[in-house]
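**Student:** My structure is stored as query-v2.pdb, with PDB, C-alpha atoms and all ligand atoms.
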```pdb
MODEL        1
ATOM      1  CA  MET B  18      23.288 -14.799 -39.972  1.00  0.00           C
ATOM      2  CA  ASN B  19      19.902 -16.298 -39.106  1.00  0.00           C
ATOM      3  CA  ALA B  20      18.156 -19.215 -40.769  1.00  0.00           C
ATOM      4  CA  VAL B  21      14.724 -20.804 -40.989  1.00  0.00           C
ATOM      5  CA  PHE B  22      14.242 -24.559 -41.190  1.00  0.00           C
ATOM      6  CA  PRO B  23      10.708 -25.128 -42.526  1.00  0.00           C
ATOM      7  CA  GLY B  24       8.834 -28.396 -42.799  1.00  0.00           C
ATOM      8  CA  SER B  25       5.807 -30.480 -41.940  1.00  0.00           C
ATOM      9  CA  PHE B  26       7.651 -32.272 -39.106  1.00  0.00           C
ATOM     10  CA  ASP B  27       4.924 -34.901 -38.761  1.00  0.00           C
ATOM     11  CA  PRO B  28       6.864 -35.844 -36.667  1.00  0.00           C
ATOM     12  CA  ILE B  29      10.474 -34.602 -36.601  1.00  0.00           C
ATOM     13  CA  THR B  30      12.913 -37.428 -37.447  1.00  0.00           C
ATOM     14  CA  SER B  31      16.551 -38.108 -36.576  1.00  0.00           C
ATOM     15  CA  GLY B  32      17.404 -36.926 -40.110  1.00  0.00           C
ATOM     16  CA  HIS B  33      15.730 -33.561 -39.441  1.00  0.00           C
ATOM     17  CA  MET B  34      17.537 -33.385 -36.092  1.00  0.00           C
ATOM     18  CA  ASP B  35      20.846 -34.059 -37.804  1.00  0.00           C
ATOM     19  CA  VAL B  36      20.278 -31.244 -40.338  1.00  0.00           C
ATOM     20  CA  LEU B  37      19.053 -28.885 -37.600  1.00  0.00           C
ATOM     21  CA  THR B  38      22.030 -29.602 -35.347  1.00  0.00           C
ATOM     22  CA  ARG B  39      24.446 -28.959 -38.221  1.00  0.00           C
ATOM     23  CA  ALA B  40      22.580 -25.726 -39.089  1.00  0.00           C
ATOM     24  CA  SER B  41      22.708 -24.576 -35.454  1.00  0.00           C
ATOM     25  CA  ARG B  42      26.515 -24.848 -35.574  1.00  0.00           C
ATOM     26  CA  ILE B  43      26.711 -22.714 -38.706  1.00  0.00           C
ATOM     27  CA  PHE B  44      24.087 -19.996 -38.095  1.00  0.00           C
ATOM     28  CA  ASP B  45      23.634 -17.567 -35.200  1.00  0.00           C
ATOM     29  CA  HIS B  46      19.997 -18.516 -34.813  1.00  0.00           C
ATOM     30  CA  VAL B  47      17.756 -21.110 -36.443  1.00  0.00           C
ATOM     31  CA  THR B  48      13.954 -20.985 -36.356  1.00  0.00           C
ATOM     32  CA  VAL B  49      12.334 -24.360 -36.963  1.00  0.00           C
ATOM     33  CA  THR B  50       8.972 -23.487 -38.434  1.00  0.00           C
ATOM     34  CA  VAL B  51       6.095 -25.917 -38.865  1.00  0.00           C
ATOM     35  CA  MET B  52       3.862 -25.585 -41.877  1.00  0.00           C
ATOM     36  CA  HIS B  53       0.270 -25.331 -40.748  1.00  0.00           C
ATOM     37  CA  ASN B  54      -2.199 -25.662 -43.564  1.00  0.00           C
ATOM     38  CA  ALA B  55      -5.611 -25.148 -41.972  1.00  0.00           C
ATOM     39  CA  ARG B  56      -7.299 -26.443 -45.152  1.00  0.00           C
ATOM     40  CA  LYS B  57      -5.313 -29.703 -45.118  1.00  0.00           C
ATOM     41  CA  GLN B  58      -5.363 -30.305 -41.364  1.00  0.00           C
ATOM     42  CA  GLY B  59      -6.670 -33.875 -41.654  1.00  0.00           C
ATOM     43  CA  ARG B  60      -3.641 -34.960 -43.709  1.00  0.00           C
ATOM     44  CA  HIS B  61      -1.316 -34.935 -40.720  1.00  0.00           C
ATOM     45  CA  LEU B  62      -1.014 -37.566 -38.005  1.00  0.00           C
ATOM     46  CA  PHE B  63      -0.164 -34.930 -35.392  1.00  0.00           C
ATOM     47  CA  THR B  64      -1.996 -31.645 -34.865  1.00  0.00           C
ATOM     48  CA  LEU B  65      -0.034 -28.413 -35.130  1.00  0.00           C
ATOM     49  CA  ASP B  66       0.058 -28.123 -31.322  1.00  0.00           C
ATOM     50  CA  GLU B  67       1.339 -31.691 -30.975  1.00  0.00           C
ATOM     51  CA  ARG B  68       4.058 -31.113 -33.603  1.00  0.00           C
ATOM     52  CA  LEU B  69       5.111 -27.895 -31.859  1.00  0.00           C
ATOM     53  CA  GLU B  70       5.224 -29.653 -28.489  1.00  0.00           C
ATOM     54  CA  ILE B  71       7.361 -32.481 -29.906  1.00  0.00           C
ATOM     55  CA  LEU B  72       9.697 -29.924 -31.528  1.00  0.00           C
ATOM     56  CA  GLU B  73      10.041 -27.872 -28.323  1.00  0.00           C
ATOM     57  CA  SER B  74      11.013 -31.008 -26.443  1.00  0.00           C
ATOM     58  CA  ALA B  75      13.343 -32.383 -29.155  1.00  0.00           C
ATOM     59  CA  THR B  76      15.214 -29.093 -29.650  1.00  0.00           C
ATOM     60  CA  GLY B  77      15.348 -27.898 -26.023  1.00  0.00           C
ATOM     61  CA  HIS B  78      19.091 -28.654 -25.785  1.00  0.00           C
ATOM     62  CA  LEU B  79      19.947 -26.462 -28.798  1.00  0.00           C
ATOM     63  CA  GLU B  80      20.359 -22.972 -27.354  1.00  0.00           C
ATOM     64  CA  ASN B  81      20.181 -20.975 -30.591  1.00  0.00           C
ATOM     65  CA  VAL B  82      17.119 -22.806 -31.954  1.00  0.00           C
ATOM     66  CA  SER B  83      13.510 -21.670 -31.548  1.00  0.00           C
ATOM     67  CA  VAL B  84      10.230 -23.149 -32.724  1.00  0.00           C
ATOM     68  CA  ASP B  85       7.482 -21.393 -34.686  1.00  0.00           C
ATOM     69  CA  SER B  86       4.724 -22.123 -37.210  1.00  0.00           C
ATOM     70  CA  PHE B  87       3.408 -20.601 -40.398  1.00  0.00           C
ATOM     71  CA  ASP B  88       0.370 -20.779 -42.652  1.00  0.00           C
ATOM     72  CA  GLY B  89       0.397 -19.918 -46.357  1.00  0.00           C
ATOM     73  CA  LEU B  90       3.477 -19.253 -48.435  1.00  0.00           C
ATOM     74  CA  LEU B  91       6.885 -19.682 -46.858  1.00  0.00           C
ATOM     75  CA  VAL B  92       8.172 -16.545 -48.605  1.00  0.00           C
ATOM     76  CA  ASP B  93       5.374 -14.504 -46.982  1.00  0.00           C
ATOM     77  CA  TYR B  94       6.395 -15.883 -43.593  1.00  0.00           C
ATOM     78  CA  MET B  95      10.021 -14.971 -44.343  1.00  0.00           C
ATOM     79  CA  SER B  96       9.136 -11.378 -45.222  1.00  0.00           C
ATOM     80  CA  ARG B  97       6.407 -10.818 -42.567  1.00  0.00           C
ATOM     81  CA  SER B  98       8.653 -10.673 -39.566  1.00  0.00           C
ATOM     82  CA  SER B  99      10.448  -7.453 -38.751  1.00  0.00           C
ATOM     83  CA  GLN B 100      13.298  -9.597 -37.463  1.00  0.00           C
ATOM     84  CA  ASP B 101      15.770 -10.806 -40.090  1.00  0.00           C
ATOM     85  CA  LYS B 102      14.889 -14.437 -40.649  1.00  0.00           C
ATOM     86  CA  GLY B 103      17.830 -14.923 -42.986  1.00  0.00           C
ATOM     87  CA  ILE B 104      17.947 -17.877 -45.284  1.00  0.00           C
ATOM     88  CA  ILE B 105      15.950 -21.060 -45.790  1.00  0.00           C
ATOM     89  CA  ILE B 106      17.544 -24.364 -44.766  1.00  0.00           C
ATOM     90  CA  ARG B 107      16.496 -27.594 -46.428  1.00  0.00           C
ATOM     91  CA  GLY B 108      17.951 -31.020 -45.779  1.00  0.00           C
ATOM     92  CA  LEU B 109      19.090 -33.389 -48.512  1.00  0.00           C
ATOM     93  CA  ARG B 110      19.124 -37.121 -47.811  1.00  0.00           C
ATOM     94  CA  ALA B 111      19.966 -38.384 -51.280  1.00  0.00           C
ATOM     95  CA  VAL B 112      20.259 -37.208 -54.883  1.00  0.00           C
ATOM     96  CA  SER B 113      16.571 -38.070 -55.313  1.00  0.00           C
ATOM     97  CA  ASP B 114      15.632 -35.193 -52.967  1.00  0.00           C
ATOM     98  CA  TYR B 115      17.638 -32.704 -54.999  1.00  0.00           C
ATOM     99  CA  GLU B 116      15.413 -32.287 -58.042  1.00  0.00           C
ATOM    100  CA  TYR B 117      12.319 -31.438 -55.993  1.00  0.00           C
ATOM    101  CA  GLU B 118      14.246 -29.196 -53.609  1.00  0.00           C
ATOM    102  CA  LEU B 119      15.954 -27.362 -56.467  1.00  0.00           C
ATOM    103  CA  GLN B 120      12.570 -26.565 -58.009  1.00  0.00           C
ATOM    104  CA  ILE B 121      11.160 -25.260 -54.710  1.00  0.00           C
ATOM    105  CA  ALA B 122      14.301 -23.215 -54.008  1.00  0.00           C
ATOM    106  CA  HIS B 123      14.134 -21.578 -57.445  1.00  0.00           C
ATOM    107  CA  LEU B 124      10.409 -20.882 -57.111  1.00  0.00           C
ATOM    108  CA  ASN B 125      10.870 -19.393 -53.643  1.00  0.00           C
ATOM    109  CA  ARG B 126      13.636 -17.179 -55.018  1.00  0.00           C
ATOM    110  CA  GLN B 127      11.431 -16.108 -57.911  1.00  0.00           C
ATOM    111  CA  ILE B 128       8.391 -15.241 -55.801  1.00  0.00           C
ATOM    112  CA  GLY B 129      10.124 -14.050 -52.651  1.00  0.00           C
ATOM    113  CA  ASP B 130      13.789 -13.385 -53.401  1.00  0.00           C
ATOM    114  CA  THR B 131      14.838 -15.891 -50.748  1.00  0.00           C
ATOM    115  CA  GLU B 132      18.097 -17.832 -50.585  1.00  0.00           C
ATOM    116  CA  THR B 133      18.061 -21.555 -49.788  1.00  0.00           C
ATOM    117  CA  VAL B 134      20.994 -23.460 -48.369  1.00  0.00           C
ATOM    118  CA  PHE B 135      21.015 -27.255 -48.497  1.00  0.00           C
ATOM    119  CA  ILE B 136      22.523 -29.275 -45.685  1.00  0.00           C
ATOM    120  CA  MET B 137      23.237 -32.954 -46.234  1.00  0.00           C
ATOM    121  CA  ALA B 138      21.949 -35.304 -43.576  1.00  0.00           C
ATOM    122  CA  ALA B 139      24.348 -38.034 -42.443  1.00  0.00           C
ATOM    123  CA  THR B 140      24.099 -41.104 -44.679  1.00  0.00           C
ATOM    124  CA  ARG B 141      22.684 -43.232 -41.849  1.00  0.00           C
ATOM    125  CA  TRP B 142      19.483 -41.188 -42.124  1.00  0.00           C
ATOM    126  CA  SER B 143      19.240 -41.346 -45.904  1.00  0.00           C
ATOM    127  CA  PHE B 144      16.364 -43.849 -45.744  1.00  0.00           C
ATOM    128  CA  VAL B 145      14.416 -42.175 -42.917  1.00  0.00           C
ATOM    129  CA  SER B 146      11.344 -40.056 -43.622  1.00  0.00           C
ATOM    130  CA  SER B 147       8.424 -38.934 -41.476  1.00  0.00           C
ATOM    131  CA  SER B 148       6.002 -40.865 -43.684  1.00  0.00           C
ATOM    132  CA  MET B 149       7.957 -44.148 -43.348  1.00  0.00           C
ATOM    133  CA  VAL B 150       8.278 -43.646 -39.605  1.00  0.00           C
ATOM    134  CA  ARG B 151       4.508 -43.060 -39.356  1.00  0.00           C
ATOM    135  CA  GLU B 152       3.914 -46.244 -41.371  1.00  0.00           C
ATOM    136  CA  ILE B 153       6.200 -48.375 -39.173  1.00  0.00           C
ATOM    137  CA  ALA B 154       4.680 -46.917 -35.995  1.00  0.00           C
ATOM    138  CA  SER B 155       1.156 -47.624 -37.237  1.00  0.00           C
ATOM    139  CA  TYR B 156       2.078 -51.349 -37.041  1.00  0.00           C
ATOM    140  CA  GLY B 157       3.824 -51.006 -33.687  1.00  0.00           C
ATOM    141  CA  GLY B 158       7.358 -51.344 -35.156  1.00  0.00           C
ATOM    142  CA  ASP B 159      10.535 -50.099 -33.501  1.00  0.00           C
ATOM    143  CA  ILE B 160      11.156 -46.494 -34.564  1.00  0.00           C
ATOM    144  CA  SER B 161      13.303 -45.512 -31.583  1.00  0.00           C
ATOM    145  CA  GLU B 162      16.508 -45.034 -33.632  1.00  0.00           C
ATOM    146  CA  MET B 163      14.817 -43.094 -36.424  1.00  0.00           C
ATOM    147  CA  VAL B 164      13.289 -40.276 -34.394  1.00  0.00           C
ATOM    148  CA  PRO B 165      14.183 -38.228 -31.320  1.00  0.00           C
ATOM    149  CA  HIS B 166      12.772 -39.444 -27.990  1.00  0.00           C
ATOM    150  CA  ALA B 167       9.910 -36.920 -28.010  1.00  0.00           C
ATOM    151  CA  SER B 168       8.685 -38.150 -31.422  1.00  0.00           C
ATOM    152  CA  ALA B 169       8.994 -41.811 -30.374  1.00  0.00           C
ATOM    153  CA  GLN B 170       6.972 -41.151 -27.217  1.00  0.00           C
ATOM    154  CA  ALA B 171       4.291 -39.276 -29.165  1.00  0.00           C
ATOM    155  CA  LEU B 172       4.072 -42.049 -31.790  1.00  0.00           C
ATOM    156  CA  ARG B 173       3.793 -44.734 -29.116  1.00  0.00           C
ATOM    157  CA  HIS B 174       1.092 -42.677 -27.411  1.00  0.00           C
ATOM    158  CA  LYS B 175      -0.809 -42.183 -30.697  1.00  0.00           C
ATOM    159  CA  HIS B 176      -0.716 -45.939 -31.356  1.00  0.00           C
ATOM    160  CA  ALA B 177      -0.889 -47.037 -27.715  1.00  0.00           C
ATOM    161  CA  ASP B 178      -3.215 -50.026 -28.401  1.00  0.00           C
ATOM    162  CA  ILE B 179      -1.034 -51.390 -31.212  1.00  0.00           C
ATOM    163  CA  TYR B 180       2.192 -51.030 -29.209  1.00  0.00           C
ATOM    164  CA  ALA B 181       0.579 -52.616 -26.116  1.00  0.00           C
ATOM    165  CA  GLU B 182      -0.548 -55.613 -28.189  1.00  0.00           C
ATOM    166  CA  ARG B 183       2.865 -55.974 -29.836  1.00  0.00           C
ATOM    167  CA  ASP B 184       4.643 -55.730 -26.467  1.00  0.00           C
ATOM    168  CA  MET B 185       2.338 -58.480 -25.158  1.00  0.00           C
ATOM    169  CA  GLN B 186       3.051 -60.710 -28.163  1.00  0.00           C
ATOM    170  CA  GLN B 187       6.809 -60.205 -27.836  1.00  0.00           C
ATOM    171  CA  ARG B 188       6.659 -60.988 -24.100  1.00  0.00           C
ATOM    172  CA  ALA B 189       4.677 -64.151 -24.805  1.00  0.00           C
ATOM    173  CA  GLN B 190       7.219 -65.188 -27.471  1.00  0.00           C
ATOM    174  CA  ARG B 191      10.121 -64.655 -25.058  1.00  0.00           C
ATOM    175  CA  GLU B 192       8.387 -66.630 -22.322  1.00  0.00           C
ATOM    176  CA  SER B 193       7.605 -69.529 -24.684  1.00  0.00           C
ATOM    177  CA  ARG B 194      11.350 -69.806 -25.464  1.00  0.00           C
ATOM    178  CA  LEU B 195      12.268 -70.129 -21.758  1.00  0.00           C
ATOM    179  CA  PRO B 196      13.409 -73.628 -20.732  1.00  0.00           C
TER
HETATM  180  O1  LIG R 201       8.631 -31.311 -44.591  1.00  0.00           O
HETATM  181  P1  LIG R 201       8.130 -30.977 -45.963  1.00  0.00           P
HETATM  182  O2  LIG R 201       6.710 -31.446 -46.131  1.00  0.00           O
HETATM  183  O3  LIG R 201       9.054 -31.451 -47.043  1.00  0.00           O
HETATM  184  O4  LIG R 201       8.101 -29.364 -46.040  1.00  0.00           O
HETATM  185  C1  LIG R 201       7.671 -28.705 -47.205  1.00  0.00           C
HETATM  186  C2  LIG R 201       7.469 -27.214 -46.936  1.00  0.00           C
HETATM  187  C3  LIG R 201       6.550 -27.008 -45.752  1.00  0.00           C
HETATM  188  C4  LIG R 201       8.789 -26.557 -46.629  1.00  0.00           C
HETATM  189  C5  LIG R 201       6.879 -26.594 -48.227  1.00  0.00           C
HETATM  190  O5  LIG R 201       5.788 -27.378 -48.657  1.00  0.00           O
HETATM  191  C6  LIG R 201       6.399 -25.180 -48.024  1.00  0.00           C
HETATM  192  O6  LIG R 201       7.189 -24.286 -47.899  1.00  0.00           O
HETATM  193  N1  LIG R 201       5.062 -25.023 -47.963  1.00  0.00           N
HETATM  194  C7  LIG R 201       4.439 -23.738 -47.774  1.00  0.00           C
HETATM  195  C8  LIG R 201       3.722 -23.286 -49.033  1.00  0.00           C
HETATM  196  C9  LIG R 201       4.712 -22.680 -49.997  1.00  0.00           C
HETATM  197  O7  LIG R 201       5.379 -21.721 -49.719  1.00  0.00           O
HETATM  198  N2  LIG R 201       4.789 -23.288 -51.187  1.00  0.00           N
HETATM  199  C10 LIG R 201       5.589 -22.742 -52.246  1.00  0.00           C
HETATM  200  C11 LIG R 201       6.712 -23.618 -52.660  1.00  0.00           C
HETATM  201  S1  LIG R 201       6.911 -23.220 -54.334  1.00  0.00           S
ENDMDL
END
```
What would the structure in this file look like if it were written as structure tokens?

**Tutor:**
Amino acid sequence: MNAVFPGSFDPITSGHMDVLTRASRIFDHVTVTVMHNARKQGRHLFTLDERLEILESATGHLENVSVDSFDGLLVDYMSRSSQDKGIIIRGLRAVSDYEYELQIAHLNRQIGDTETVFIMAATRWSFVSSSMVREIASYGGDISEMVPHASAQALRHKHADIYAERDMQQRAQRESRLP
């Protein structure tokens, strides 16, 4: 059975990676597919190409996982391919995610006859989201535990000036504490 793991992945977090890794152990093949909304391009920190590059790098070790993108309705993407894409995977971090996800899953079933399977992320990722990670990174904070290496590198690169300044400040603080 194949599966599709859709999302914005702006950028992919350790929570997404946890769900994806669990899905890759259950399904024969998992396609991680990045939503590309050409009309809302400016809303993302990373371009579609950047998000795909980060995903390729972050998922390279998972043999039965491939990376793709889609524009428009997810159900259209699911039905377009001649290959059996299988079912939709969505991750749940906490009960608060459930209400929204339930609504989307029902709507997708109504308009596209798709099945959705929820996979619970490990509790240590329950507080991690792409938007919070983007916020922390925009101030040069440490996001290394919350995202895979490829995302951390890309975030540091995106905010290179802020991270360089913060590194300088931290170095100066350390040096001022030296006897
Ligand atoms: O990572 P996200 O932002 O939670 O992912 C949401 C996503 C991309 C899975 C969802 O917004 C989606 O499927 N968008 C495509 C448009 C669509 O099919 N909408 C219908 C849902 S009723």

**Student:** Find the distance between CA of Pro28 (chain B) and atom O5 of ligand LIG 201 (chain R) and write it in Å to one decimal.

**Tutor:**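 Between CA of Pro28 (chain B) and atom O5 of ligand LIG 201 (chain R) the gap is 14.7 Å.
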
**Student:** Work out how far CA of Gly24 (chain B) is from atom C1 of ligand LIG 201 (chain R), in Å to one decimal.

**Tutor:**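 CA of Gly24 (chain B) lies at a distance of 4.6 Å from atom C1 of ligand LIG 201 (chain R).
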
**Student:** Which residue, B:Lys57, B:His123, B:Arg39, B:Arg97, has the smallest gap to ligand LIG 201 (chain R) when you use only C-alpha atoms and all ligand atoms?

**Tutor:**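 Once distances to ligand LIG 201 (chain R) are computed over only C-alpha atoms and all ligand atoms, the minimum belongs to B:His123.
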
**Student:** Using the chain letters and numbers from the file, give me the residues hit by the PyMOL selection byres (((chain B and resi 82-89) around 9) and not hetatm), as a list of chain:residue names.

**Tutor:**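 When the PyMOL selection byres (((chain B and resi 82-89) around 9) and not hetatm) is applied, the selected residues are B:Pro23, B:Leu37, B:Ser41, B:Asp45, B:His46, B:Val47, B:Thr48, B:Val49, B:Thr50, B:Val51, B:Met52, B:His53, B:Asn54, B:Ala55, B:Leu65, B:Leu69, B:Leu72, B:Glu73, B:Thr76, B:Gly77, B:His78, B:Leu79, B:Glu80, B:Asn81, B:Leu90, B:Leu91, B:Val92, B:Asp93, B:Tyr94.
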
**Student:** Would you kindly return, as a JSON list (two decimals) with C-alpha atoms, in the frame of the given file, each protein, DNA or RNA residue with an atom no farther than 12 Å from any atom of Ala138 (chain B), considering all atoms listed in the file and excluding same-chain residues fewer than 4 positions away?

**Tutor:**
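This is the output file around05.json:
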```json
[["chain", "number", "residue", "atom", "x", "y", "z"],
["B", 30, "THR", "CA", 12.91, -37.43, -37.45],
["B", 31, "SER", "CA", 16.55, -38.11, -36.58],
["B", 32, "GLY", "CA", 17.40, -36.93, -40.11],
["B", 33, "HIS", "CA", 15.73, -33.56, -39.44],
["B", 34, "MET", "CA", 17.54, -33.38, -36.09],
["B", 35, "ASP", "CA", 20.85, -34.06, -37.80],
["B", 36, "VAL", "CA", 20.28, -31.24, -40.34],
["B", 37, "LEU", "CA", 19.05, -28.88, -37.60],
["B", 38, "THR", "CA", 22.03, -29.60, -35.35],
["B", 39, "ARG", "CA", 24.45, -28.96, -38.22],
["B", 40, "ALA", "CA", 22.58, -25.73, -39.09],
["B", 106, "ILE", "CA", 17.54, -24.36, -44.77],
["B", 107, "ARG", "CA", 16.50, -27.59, -46.43],
["B", 108, "GLY", "CA", 17.95, -31.02, -45.78],
["B", 109, "LEU", "CA", 19.09, -33.39, -48.51],
["B", 110, "ARG", "CA", 19.12, -37.12, -47.81],
["B", 111, "ALA", "CA", 19.97, -38.38, -51.28],
["B", 112, "VAL", "CA", 20.26, -37.21, -54.88],
["B", 114, "ASP", "CA", 15.63, -35.19, -52.97],
["B", 142, "TRP", "CA", 19.48, -41.19, -42.12],
["B", 143, "SER", "CA", 19.24, -41.35, -45.90],
["B", 144, "PHE", "CA", 16.36, -43.85, -45.74],
["B", 145, "VAL", "CA", 14.42, -42.18, -42.92],
["B", 146, "SER", "CA", 11.34, -40.06, -43.62]]
```
